[in-house]
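Enquirer: There's a structure below that I have some questions on.
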Amino acid sequence: MLSISRLLPCLYRVYTGEFLDITLCSTVKAKSNPQDHARATEGPCNTPKPGVFDLINKAKWDAWNALGSLPKETARQNYVDLVSGLSSSSDSSSQVKPEADRKQSGYETLVVTSEDGITKIMMNRPAKKNAMTMRMYEEIMLALKAASKDDSAITVLTGNGDYYSSGNDLTNFTDIPSGGVEEKAKNSAILLRDFVDCFIDFPKPLIAVVNGPAVGISVTILGLFEVVYASDRATFHTPFSHLGQSPEGCSSYTFPKIMGPAKAAEMLIFGKKLTAAEACAQGLVTEVFPDSTFQKEVWTRLKAYSKLPPNAMRISKQMIRNREKEKLHAVNAEESSTLQERWLSDECMNAIMNFLTRKAKL
Ligand SMILES: CCCC/C=C/CC(=O)SCCNC(=O)CCNC(=O)[C@H](O)C(C)(C)COP(=O)(O)OP(=O)(O)OC[C@H]1O[C@@H](n2cnc3c(N)ncnc32)[C@H](O)[C@@H]1OP(=O)(O)O
C-alpha cells in the first residue's frame with residue numbers, strides 16, 4: 001500500500017514545488033534539492049521548458065507550469081489543507097470499524113451513519129412525519145458538527161419513512177417555560193439562529209436526499225445545500241402565512257436568488273406547494289428521480305461523488321459560498337428576530353391552536 005509518508009512528497013511537489021518545514025515533510029525536506037526550493041520561492045513558472053530527453057526536469061517543469069499563476073501562498077494553503085485531510089483519512093482508514101459500529105449511537109431523533117466517505121444524517125420520527133422537535137434541532141447541530149470533523153467527504157440529510165420532514169413540530173410551542181411565552185419565543189429564536197448558522201458554516205458538500213414531502217424549515221434550508229435530489233413523490237411547501245409566521249432558513253434571501261422574486265413570493269407568501277418537477281424547474285431541486293429507483297440511483301451517484309478528492313470539493317464549496325456567508329448570517333439573524341415577534345402574534349397562536357385541536361374537531 002502506498003504510505004502517506006511516500007505519497008506526501010509527490011503531492012507536495014505538484015502543489016508548490018516547495019518543501020514546508022513541518023513534521024510530516026521533514027523526511028522530504030532532508031532530501032530536497034535546491035532547484036525545487038528555488039522554483040517555489042520564485043512563484044509562477046518562469047524558466048524555459050527543458051529539452052524533450054531531460055525527462056525528470058521536464059516532468060517537474062510541466063507540474064510547475066500547470067499551476068499557472070496560482071500564487072504560492074494559495075498553493076501552500078491548498079497543500080496544507082490537503083495534507084490534513086489526507087492524514088486524517090489515513091489515520092481513520094487504519095482503524096476501520098466493523099459495519100455495526102458505523103452507526104453512531106446517542107441520538108434519539110436521528111440515525112447517523114458514516115461509511116463509503118458519506119455521513120448520512122437521517123431524521124427518524126416517521127410516525128410524526130419527521131416533524132422537528134427541539135431535541136431534533138439540537139441533534140442535527142451536533143451531527144453536523146461531528147460530520148464537519150470526521151473523515152467523510154460529503155454529508156447527506158434525509159428522512160425515514162414516507163416524509164422527508166413536516167417541518168417544525170408545532171407542539172414545540174406548547175412547552176412553555178416559567179418565563180412565559182416571551183421566554184419561549186426568545187429561546188426558540190436563539191435555537192433557530194444557531195441551527196441555520198450550522199448549515200451556513202458547514203464546510204463540506206451538503207446533499208439533501210428528499211425522500212418524500214417536505215414542509216416549512218425542511219424546505220427553506222435547502223437553499224443552503226449544494227445539491228438536492230428528490231423523489232418524484234416529494235412536494236415542497238412553506239405555509240408560513242397560514243401559520244401567521246414568516247420565512248426562515250435564509251429563504252427570504254436564497255429563494256428569490258434561486259427562483260426569482262415572483263416564484264419565491266408564491267411559495268413564501270402564499271404557501272404554494274410545488275411538485276418535485278416544479279421545484280426542479282425553479283432551481284430549488286437539482287434532479288428528480290422516479291420513487292421506485294430513487295434510493296438506488298441516488299446512493300450510487302453519491303458513492304461515486306464521495307470518492308472525489310475531499311479537499312478539492314471542500315475548497316470549491318468555500319469558493320462558491322464564502323462571499324455570501326456574511327450576508328447569509330445577517331439574513332438569518334433578521335429572520336430569527338422577526339419570527340420571535342411573529343410567534344407572539346395572535347395570528348400565529350391561533351394557527352397553532354387550530355392544528356393542535358384539528359383532530360378533536362373531526
Ligand atoms: C425553533 C425553530 C422554529 C422554526 C420554524 C419553522 C417553521 C416551519 O417549519 S412551519 C411548518 C410547520 N409544519 C406544518 O405546518 C405541518 C403540520 N402538519 C401537517 O399539516 C400534517 O401533519 C401533514 C400534512 C404534514 C401530514 O398530514 P397527514 O398525512 O394527514 O398525517 P397526520 O397529520 O396524521 O400526521 C401524523 C402524525 O404526525 C403529527 N405531525 C405531523 N407533522 C407535524 C408537525 N409539523 N408538528 C406536530 N405534529 C406533526 C400529526 O399530528 C400526527 O400525530 P398523531 O395525531 O399523534 O398521530
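We name chains A, B, ... following the order of the C-alpha cells; residues begin at 1 in each chain, and ligands are numbered from 1 as shown.
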Let me see if you get this right: every residue at most 7 Å from ligand 1, counting only C-alpha atoms and all ligand atoms, written as a PyMOL selection string.
Expert: chain A and resi 127-129+131+134+166-171+188-189+191-192+215-218+238-240+243+248
Enquirer: Write out as a PyMOL selection string which residues come within 12 Å of A:Glu341 when counting only C-alpha atoms, dropping same-chain ones fewer than 2 positions away.
Expert: chain A and resi 181-186+188-189+244-246+334-339+343-349
Enquirer: Please extract the residues of stretch 94-293 of chain A with a backbone DSSP assignment of alpha helix (DSSP H) and present them as a PyMOL selection string.
Expert: chain A and resi 134-149+180-201+217-220+251-259+261-268+276-281
Enquirer: Using DSSP on the backbone coordinates, identify the residues of stretch 138-300 of chain A assigned to strand (DSSP E or B); present them as a ChimeraX atom specification.
Expert: /A:154-159,165,168,206-210,214-215,227-231,235-237,274-275,287-289
Enquirer: Please produce an output containing N, CA and C atoms for each residue in the selection, written as a PDB file, in the first residue's frame.
Expert:
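Here's the written file again.pdb:
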```
ATOM      1  N   ILE A 154     -18.527  13.841   2.001  1.00  0.00           N
ATOM      2  CA  ILE A 154     -19.794  14.565   1.797  1.00  0.00           C
ATOM      3  C   ILE A 154     -20.775  14.200   2.918  1.00  0.00           C
ATOM      4  N   THR A 155     -21.767  15.060   3.123  1.00  0.00           N
ATOM      5  CA  THR A 155     -22.750  14.829   4.189  1.00  0.00           C
ATOM      6  C   THR A 155     -24.152  14.913   3.593  1.00  0.00           C
ATOM      7  N   VAL A 156     -24.986  13.968   4.021  1.00  0.00           N
ATOM      8  CA  VAL A 156     -26.336  13.861   3.456  1.00  0.00           C
ATOM      9  C   VAL A 156     -27.365  14.028   4.569  1.00  0.00           C
ATOM     10  N   LEU A 157     -28.432  14.780   4.281  1.00  0.00           N
ATOM     11  CA  LEU A 157     -29.584  14.842   5.194  1.00  0.00           C
ATOM     12  C   LEU A 157     -30.767  14.210   4.481  1.00  0.00           C
ATOM     13  N   THR A 158     -31.444  13.293   5.176  1.00  0.00           N
ATOM     14  CA  THR A 158     -32.597  12.635   4.574  1.00  0.00           C
ATOM     15  C   THR A 158     -33.607  12.294   5.669  1.00  0.00           C
ATOM     16  N   GLY A 159     -34.743  11.691   5.265  1.00  0.00           N
ATOM     17  CA  GLY A 159     -35.775  11.358   6.247  1.00  0.00           C
ATOM     18  C   GLY A 159     -36.130   9.881   6.183  1.00  0.00           C
ATOM     19  N   SER A 165     -39.659  15.663   5.792  1.00  0.00           N
ATOM     20  CA  SER A 165     -39.956  16.255   7.106  1.00  0.00           C
ATOM     21  C   SER A 165     -41.160  17.197   6.986  1.00  0.00           C
ATOM     22  N   ASN A 168     -41.156  22.280  11.364  1.00  0.00           N
ATOM     23  CA  ASN A 168     -41.150  22.486  12.811  1.00  0.00           C
ATOM     24  C   ASN A 168     -42.288  21.714  13.472  1.00  0.00           C
ATOM     25  N   LEU A 206     -22.933  19.513   1.083  1.00  0.00           N
ATOM     26  CA  LEU A 206     -24.142  19.035   1.780  1.00  0.00           C
ATOM     27  C   LEU A 206     -25.156  18.620   0.727  1.00  0.00           C
ATOM     28  N   ILE A 207     -25.693  17.434   0.885  1.00  0.00           N
ATOM     29  CA  ILE A 207     -26.663  16.936  -0.099  1.00  0.00           C
ATOM     30  C   ILE A 207     -27.955  16.577   0.622  1.00  0.00           C
ATOM     31  N   ALA A 208     -29.083  17.038   0.089  1.00  0.00           N
ATOM     32  CA  ALA A 208     -30.378  16.637   0.638  1.00  0.00           C
ATOM     33  C   ALA A 208     -30.939  15.526  -0.241  1.00  0.00           C
ATOM     34  N   VAL A 209     -31.305  14.427   0.397  1.00  0.00           N
ATOM     35  CA  VAL A 209     -31.956  13.324  -0.315  1.00  0.00           C
ATOM     36  C   VAL A 209     -33.422  13.364   0.139  1.00  0.00           C
ATOM     37  N   VAL A 210     -34.229  14.048  -0.666  1.00  0.00           N
ATOM     38  CA  VAL A 210     -35.610  14.360  -0.268  1.00  0.00           C
ATOM     39  C   VAL A 210     -36.511  13.203  -0.697  1.00  0.00           C
ATOM     40  N   ALA A 214     -41.853  17.656   1.852  1.00  0.00           N
ATOM     41  CA  ALA A 214     -41.054  18.500   2.742  1.00  0.00           C
ATOM     42  C   ALA A 214     -41.860  19.754   3.029  1.00  0.00           C
ATOM     43  N   VAL A 215     -41.845  20.174   4.303  1.00  0.00           N
ATOM     44  CA  VAL A 215     -42.658  21.325   4.729  1.00  0.00           C
ATOM     45  C   VAL A 215     -41.783  22.270   5.557  1.00  0.00           C
ATOM     46  N   VAL A 227     -26.498  20.313  -3.242  1.00  0.00           N
ATOM     47  CA  VAL A 227     -27.256  19.503  -4.193  1.00  0.00           C
ATOM     48  C   VAL A 227     -28.515  18.996  -3.498  1.00  0.00           C
ATOM     49  N   VAL A 228     -29.642  19.013  -4.231  1.00  0.00           N
ATOM     50  CA  VAL A 228     -30.902  18.499  -3.678  1.00  0.00           C
ATOM     51  C   VAL A 228     -31.463  17.472  -4.662  1.00  0.00           C
ATOM     52  N   TYR A 229     -31.469  16.203  -4.239  1.00  0.00           N
ATOM     53  CA  TYR A 229     -32.077  15.152  -5.055  1.00  0.00           C
ATOM     54  C   TYR A 229     -33.446  14.833  -4.468  1.00  0.00           C
ATOM     55  N   ALA A 230     -34.448  14.715  -5.350  1.00  0.00           N
ATOM     56  CA  ALA A 230     -35.804  14.488  -4.848  1.00  0.00           C
ATOM     57  C   ALA A 230     -36.460  13.310  -5.545  1.00  0.00           C
ATOM     58  N   SER A 231     -37.235  12.573  -4.757  1.00  0.00           N
ATOM     59  CA  SER A 231     -38.122  11.555  -5.319  1.00  0.00           C
ATOM     60  C   SER A 231     -39.268  12.288  -6.021  1.00  0.00           C
ATOM     61  N   THR A 235     -42.920  16.806  -2.327  1.00  0.00           N
ATOM     62  CA  THR A 235     -43.513  18.123  -2.595  1.00  0.00           C
ATOM     63  C   THR A 235     -42.791  19.119  -1.691  1.00  0.00           C
ATOM     64  N   PHE A 236     -42.937  20.402  -2.014  1.00  0.00           N
ATOM     65  CA  PHE A 236     -42.186  21.445  -1.297  1.00  0.00           C
ATOM     66  C   PHE A 236     -43.166  22.557  -0.931  1.00  0.00           C
ATOM     67  N   HIS A 237     -43.285  22.812   0.385  1.00  0.00           N
ATOM     68  CA  HIS A 237     -44.415  23.600   0.871  1.00  0.00           C
ATOM     69  C   HIS A 237     -43.977  24.421   2.078  1.00  0.00           C
ATOM     70  N   LEU A 274     -45.150  23.131  -4.280  1.00  0.00           N
ATOM     71  CA  LEU A 274     -44.558  22.737  -5.559  1.00  0.00           C
ATOM     72  C   LEU A 274     -44.389  21.223  -5.632  1.00  0.00           C
ATOM     73  N   THR A 275     -44.609  20.672  -6.832  1.00  0.00           N
ATOM     74  CA  THR A 275     -44.235  19.273  -7.054  1.00  0.00           C
ATOM     75  C   THR A 275     -42.711  19.243  -7.189  1.00  0.00           C
ATOM     76  N   GLU A 287     -32.180  17.449  -9.169  1.00  0.00           N
ATOM     77  CA  GLU A 287     -32.648  16.400 -10.081  1.00  0.00           C
ATOM     78  C   GLU A 287     -33.749  15.593  -9.400  1.00  0.00           C
ATOM     79  N   VAL A 288     -34.710  15.149 -10.217  1.00  0.00           N
ATOM     80  CA  VAL A 288     -35.828  14.341  -9.696  1.00  0.00           C
ATOM     81  C   VAL A 288     -35.683  12.919 -10.234  1.00  0.00           C
ATOM     82  N   PHE A 289     -35.956  11.942  -9.367  1.00  0.00           N
ATOM     83  CA  PHE A 289     -35.842  10.527  -9.740  1.00  0.00           C
ATOM     84  C   PHE A 289     -37.191   9.841  -9.496  1.00  0.00           C
TER      85      PHE A 289
END
```
Enquirer: Please provide the set of residues having any atom within 8 Å of A:Arg125, restricted to only C-alpha atoms, with same-chain residues fewer than 5 positions apart removed, written as a list in words.
Expert: Thr109, Leu110, Asn130, Ala131 and Asn160 of chain A
Enquirer: Go ahead and save the residues from that selection, with N, CA and C atoms, as a JSON list (two decimals), in the first residue's frame.
Expert:
```json
[["chain", "number", "residue", "atom", "x", "y", "z"],
["A", 109, "THR", "N", -33.47, 11.22, 17.99],
["A", 109, "THR", "CA", -34.38, 11.57, 16.89],
["A", 109, "THR", "C", -33.76, 11.34, 15.51],
["A", 110, "LEU", "N", -32.50, 10.89, 15.49],
["A", 110, "LEU", "CA", -31.78, 10.71, 14.22],
["A", 110, "LEU", "C", -31.16, 9.32, 14.15],
["A", 130, "ASN", "N", -41.47, 13.03, 10.62],
["A", 130, "ASN", "CA", -40.16, 13.66, 10.89],
["A", 130, "ASN", "C", -40.29, 15.15, 11.24],
["A", 131, "ALA", "N", -41.37, 15.47, 11.96],
["A", 131, "ALA", "CA", -41.51, 16.84, 12.49],
["A", 131, "ALA", "C", -40.32, 17.11, 13.41],
["A", 160, "ASN", "N", -36.57, 9.35, 7.31],
["A", 160, "ASN", "CA", -37.02, 7.96, 7.36],
["A", 160, "ASN", "C", -38.55, 7.93, 7.20]]
```
Enquirer: Please determine, counting only C-alpha atoms, which residue among A:Lys103, A:Arg193, A:His242, A:Lys296 has the shortest atom-to-atom distance to A:Asn350.
Expert: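 Distance minimum relative to A:Asn350 lands on A:His242.
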Enquirer: Can you work out the spacing between atom CA of A:Phe255 and atom CA of A:Gln318 in Å, to one decimal?
Expert: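 Between atom CA of A:Phe255 and atom CA of A:Gln318 the gap is 20.0 Å.
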Enquirer: How many Å lie between atom CA of A:Thr220 and atom CA of A:Leu268, rounded to one decimal?
Expert: 9.1 Å
Enquirer: To one decimal place in Å, what is the distance between atom CA of A:Pro177 and atom CA of A:Phe195?
Expert: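 Atom CA of A:Phe195 lies 20.5 Å from atom CA of A:Pro177.
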Enquirer: Just the residues within 12 Å of A:Ala146, please, counting only C-alpha atoms, with nothing from its chain fewer than 6 positions along; format it as a list in words.
Expert: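 So the residues in contact are Gln104, Val112, Thr113, Ser114, Thr119, Lys120, Ile121, Glu139, Ile140, Ser152, Thr155, Cys198, Phe202, Pro203 and Lys204 of chain A.
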Enquirer: With N, CA and C atoms retained, could you export that selection as a compact mmCIF listing (two decimals), in the first residue's frame?
Expert:
```
# COMPACT_ATOMS: atom_id res chain seq x y z
N GLN A 104 -23.77 5.68 14.51
CA GLN A 104 -23.38 6.42 15.70
C GLN A 104 -24.53 6.43 16.70
N VAL A 112 -27.60 8.28 12.52
CA VAL A 112 -26.43 8.85 11.84
C VAL A 112 -25.45 7.72 11.55
N THR A 113 -25.08 7.61 10.28
CA THR A 113 -24.13 6.57 9.89
C THR A 113 -23.01 7.22 9.07
N SER A 114 -21.87 6.56 9.08
CA SER A 114 -20.75 7.08 8.29
C SER A 114 -20.06 5.92 7.61
N THR A 119 -21.28 10.74 5.35
CA THR A 119 -22.00 10.75 6.63
C THR A 119 -23.46 11.05 6.31
N LYS A 120 -24.31 10.10 6.73
CA LYS A 120 -25.75 10.24 6.45
C LYS A 120 -26.48 10.57 7.76
N ILE A 121 -27.18 11.70 7.75
CA ILE A 121 -27.98 12.11 8.91
C ILE A 121 -29.44 11.90 8.52
N GLU A 139 -29.90 17.86 17.95
CA GLU A 139 -29.15 16.69 17.48
C GLU A 139 -28.62 16.89 16.06
N ILE A 140 -29.38 17.56 15.22
CA ILE A 140 -28.87 17.82 13.86
C ILE A 140 -27.63 18.71 13.95
N SER A 152 -15.38 11.84 6.46
CA SER A 152 -16.25 11.71 5.29
C SER A 152 -16.00 12.87 4.32
N THR A 155 -21.77 15.06 3.12
CA THR A 155 -22.75 14.83 4.19
C THR A 155 -24.15 14.91 3.59
N CYS A 198 -25.41 26.69 11.54
CA CYS A 198 -24.64 25.44 11.31
C CYS A 198 -24.65 25.05 9.83
N PHE A 202 -21.33 25.09 7.35
CA PHE A 202 -20.88 23.70 7.15
C PHE A 202 -19.85 23.64 6.03
N PRO A 203 -18.68 23.05 6.28
CA PRO A 203 -17.58 23.19 5.32
C PRO A 203 -17.55 22.21 4.15
N LYS A 204 -18.28 21.11 4.27
CA LYS A 204 -18.20 20.08 3.20
C LYS A 204 -19.45 20.14 2.33
```
Enquirer: Looking at only C-alpha atoms, which of A:Ile200, A:Leu284, A:Met132, A:Leu356 is the one that sits closest to A:Met267?
Expert: A:Leu284
